[in-house]
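Inspection log for the structure reproduced underneath, given as structure tokens.
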Amino acid sequence: MNRKNTFAFLPVFAILFGIAQAAGAAIPNHFTTTDGDSDVINWNIAGQKLNDGWYFGVYDYGADPSLGLNLLFGSGTSLAAEFEVTQPIGTYWEIAVSSGDFTGNTLNIGNSDDFSFYFWDGSSYITDFTITYWGADAYNFASAGGNIMGDDLNPVPLTSSAILFFSGFAGLMAFGSRKKIRK
């Protein structure tokens, strides 16, 4: 391969690497718990907390949010809720609300302990919102319905970002080894 063709392939690999980095930089709405239980708090940031009439809940990642489990209601009656993620029956994971407005409710999330969050405004489930990292294992979830703080959460990287990253890296490695063989 001559020098001209070599420089033609470098931008392709650089673009793949850049896309992978950008995709990995975003925090996906896809979590596991760090210690078996997690907390969500009706967080008041600049006067904005969960609006009256809104719900904040959790659902099985990849499933329908309407089959999820409410954790907080925006009425001011509860400031926080805690939920536990356990595997009580065989291979099936379960989320159980252990404190808050909806204590005692449970949700079967199947063979994986991955879960996502939603806001509900009384007519639709909102799963596309801003997630901000607050340090350690805490995250802020913000939408038009307010701000919720979540704790003891571990984000699961998106598979697509990993695939893009490793394909770009493998291409660079193959390119480098091919160059050594020609020498």
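Chain labels run A, B, ... following the order of the structure tokens; each chain numbers its residues from 1, and ligands are numbered from 1 in the order shown.
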Do a neighbour search on segment 132-144 of chain A at 10 Å with only C-alpha atoms, toss out local chain neighbours closer than 3 positions, and write the hits as number ranges by chain.
A: 26-27, 29, 33-34, 38-41, 43, 45, 48-51, 56, 117-119, 121, 126-129, 147-155
Gly53 of chain A: which residues within 8 Å, counting only C-alpha atoms, same-chain residues fewer than 2 positions away excluded, as a list of chain:residue names?
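These residues fall inside the cut-off: A:Asn51, A:Tyr55, A:Phe73, A:Gly74, A:Ser75, A:Asp121, A:Gly122.
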Save out the residues we just selected, C-alpha atoms, as an mmCIF file, in the first residue's frame.
```
data_model
loop_
_atom_site.group_PDB
_atom_site.id
_atom_site.type_symbol
_atom_site.label_atom_id
_atom_site.label_comp_id
_atom_site.auth_asym_id
_atom_site.auth_seq_id
_atom_site.Cartn_x
_atom_site.Cartn_y
_atom_site.Cartn_z
ATOM 1 C CA ASN A 51 -44.490 18.612 39.025
ATOM 2 C CA TYR A 55 -45.006 10.385 38.081
ATOM 3 C CA PHE A 73 -45.722 11.132 42.525
ATOM 4 C CA GLY A 74 -45.355 14.889 42.097
ATOM 5 C CA SER A 75 -47.724 15.923 44.841
ATOM 6 C CA ASP A 121 -47.367 13.332 32.618
ATOM 7 C CA GLY A 122 -50.788 11.709 32.894
#
```
Å distance separating atom CA of Ser116 of chain A from atom CA of Gly57 of chain A, one decimal place
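Rounded to one decimal, the two atoms are 8.5 Å apart.
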Using DSSP on the backbone, list every residue of segment 64-174 of chain A that comes out as alpha helix (DSSP H), and give them as an mmCIF file with N, CA and C atoms, in the first residue's frame.
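That gives us selection-v9.cif:
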```cif
data_model
loop_
_atom_site.group_PDB
_atom_site.id
_atom_site.type_symbol
_atom_site.label_atom_id
_atom_site.label_comp_id
_atom_site.auth_asym_id
_atom_site.auth_seq_id
_atom_site.Cartn_x
_atom_site.Cartn_y
_atom_site.Cartn_z
ATOM 1 N N THR A 159 -24.314 -0.873 23.744
ATOM 2 C CA THR A 159 -23.586 -1.867 22.967
ATOM 3 C C THR A 159 -23.016 -1.262 21.687
ATOM 4 N N SER A 160 -23.769 -0.369 21.066
ATOM 5 C CA SER A 160 -23.322 0.210 19.792
ATOM 6 C C SER A 160 -22.032 1.008 19.964
ATOM 7 N N SER A 161 -21.890 1.724 21.073
ATOM 8 C CA SER A 161 -20.669 2.506 21.270
ATOM 9 C C SER A 161 -19.474 1.584 21.450
ATOM 10 N N ALA A 162 -19.675 0.458 22.143
ATOM 11 C CA ALA A 162 -18.584 -0.501 22.315
ATOM 12 C C ALA A 162 -18.194 -1.118 20.977
ATOM 13 N N ILE A 163 -19.185 -1.455 20.165
ATOM 14 C CA ILE A 163 -18.898 -2.049 18.854
ATOM 15 C C ILE A 163 -18.123 -1.063 17.984
ATOM 16 N N LEU A 164 -18.570 0.183 17.947
ATOM 17 C CA LEU A 164 -17.869 1.190 17.139
ATOM 18 C C LEU A 164 -16.445 1.400 17.633
ATOM 19 N N PHE A 165 -16.285 1.479 18.947
ATOM 20 C CA PHE A 165 -14.952 1.715 19.500
ATOM 21 C C PHE A 165 -14.011 0.575 19.130
ATOM 22 N N PHE A 166 -14.438 -0.662 19.382
ATOM 23 C CA PHE A 166 -13.553 -1.797 19.139
ATOM 24 C C PHE A 166 -13.334 -2.065 17.652
ATOM 25 N N SER A 167 -14.320 -1.758 16.804
ATOM 26 C CA SER A 167 -14.093 -1.929 15.370
ATOM 27 C C SER A 167 -13.073 -0.904 14.871
ATOM 28 N N GLY A 168 -13.167 0.319 15.369
ATOM 29 C CA GLY A 168 -12.177 1.335 15.008
ATOM 30 C C GLY A 168 -10.788 0.972 15.507
ATOM 31 N N PHE A 169 -10.722 0.481 16.735
ATOM 32 C CA PHE A 169 -9.444 0.083 17.325
ATOM 33 C C PHE A 169 -8.850 -1.104 16.578
ATOM 34 N N ALA A 170 -9.695 -2.096 16.251
ATOM 35 C CA ALA A 170 -9.226 -3.269 15.502
ATOM 36 C C ALA A 170 -8.708 -2.848 14.122
ATOM 37 N N GLY A 171 -9.396 -1.910 13.492
ATOM 38 C CA GLY A 171 -8.937 -1.422 12.190
ATOM 39 C C GLY A 171 -7.578 -0.765 12.275
ATOM 40 N N LEU A 172 -7.366 0.031 13.326
ATOM 41 C CA LEU A 172 -6.067 0.673 13.517
ATOM 42 C C LEU A 172 -4.976 -0.364 13.776
ATOM 43 N N MET A 173 -5.300 -1.381 14.572
ATOM 44 C CA MET A 173 -4.330 -2.436 14.867
ATOM 45 C C MET A 173 -3.975 -3.209 13.587
ATOM 46 N N ALA A 174 -4.993 -3.548 12.804
ATOM 47 C CA ALA A 174 -4.754 -4.277 11.550
ATOM 48 C C ALA A 174 -3.926 -3.430 10.591
#
```
Nearest residue to Pro65 of chain A from the set A:Val97, A:Ile89, A:Ala81, A:Leu107 (distances using only C-alpha atoms)
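Distance minimum relative to Pro65 of chain A lands on A:Leu107.
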Length of the atom CA of Trp93 of chain A to atom CA of Gly146 of chain A vector [Å]:
29.0 Å
Measuring between only C-alpha atoms, which one of A:Ser99, A:Asp64, A:Gly90, A:Asp52 shows the shortest distance to Gly76 of chain A?
A:Asp52
Kindly give the distance, in Å, that separates atom CA of Gly110 of chain A and atom CA of Thr86 of chain A, rounded to a single decimal.
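Between these atoms lies a distance of 11.0 Å.
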Per DSSP on the backbone, what are the strand (DSSP E or B) residues of segment 35-137 of chain A, as number ranges by chain?
A: 37-43, 45, 48, 55-60, 69-73, 80-89, 92-99, 106-110, 115-120, 125-126, 130-133
Please provide as a count of residues only all residues within 9 Å of Thr106 of chain A, with the sequence filter that same-chain residues fewer than 3 positions apart are discarded (counting only C-alpha atoms).
6
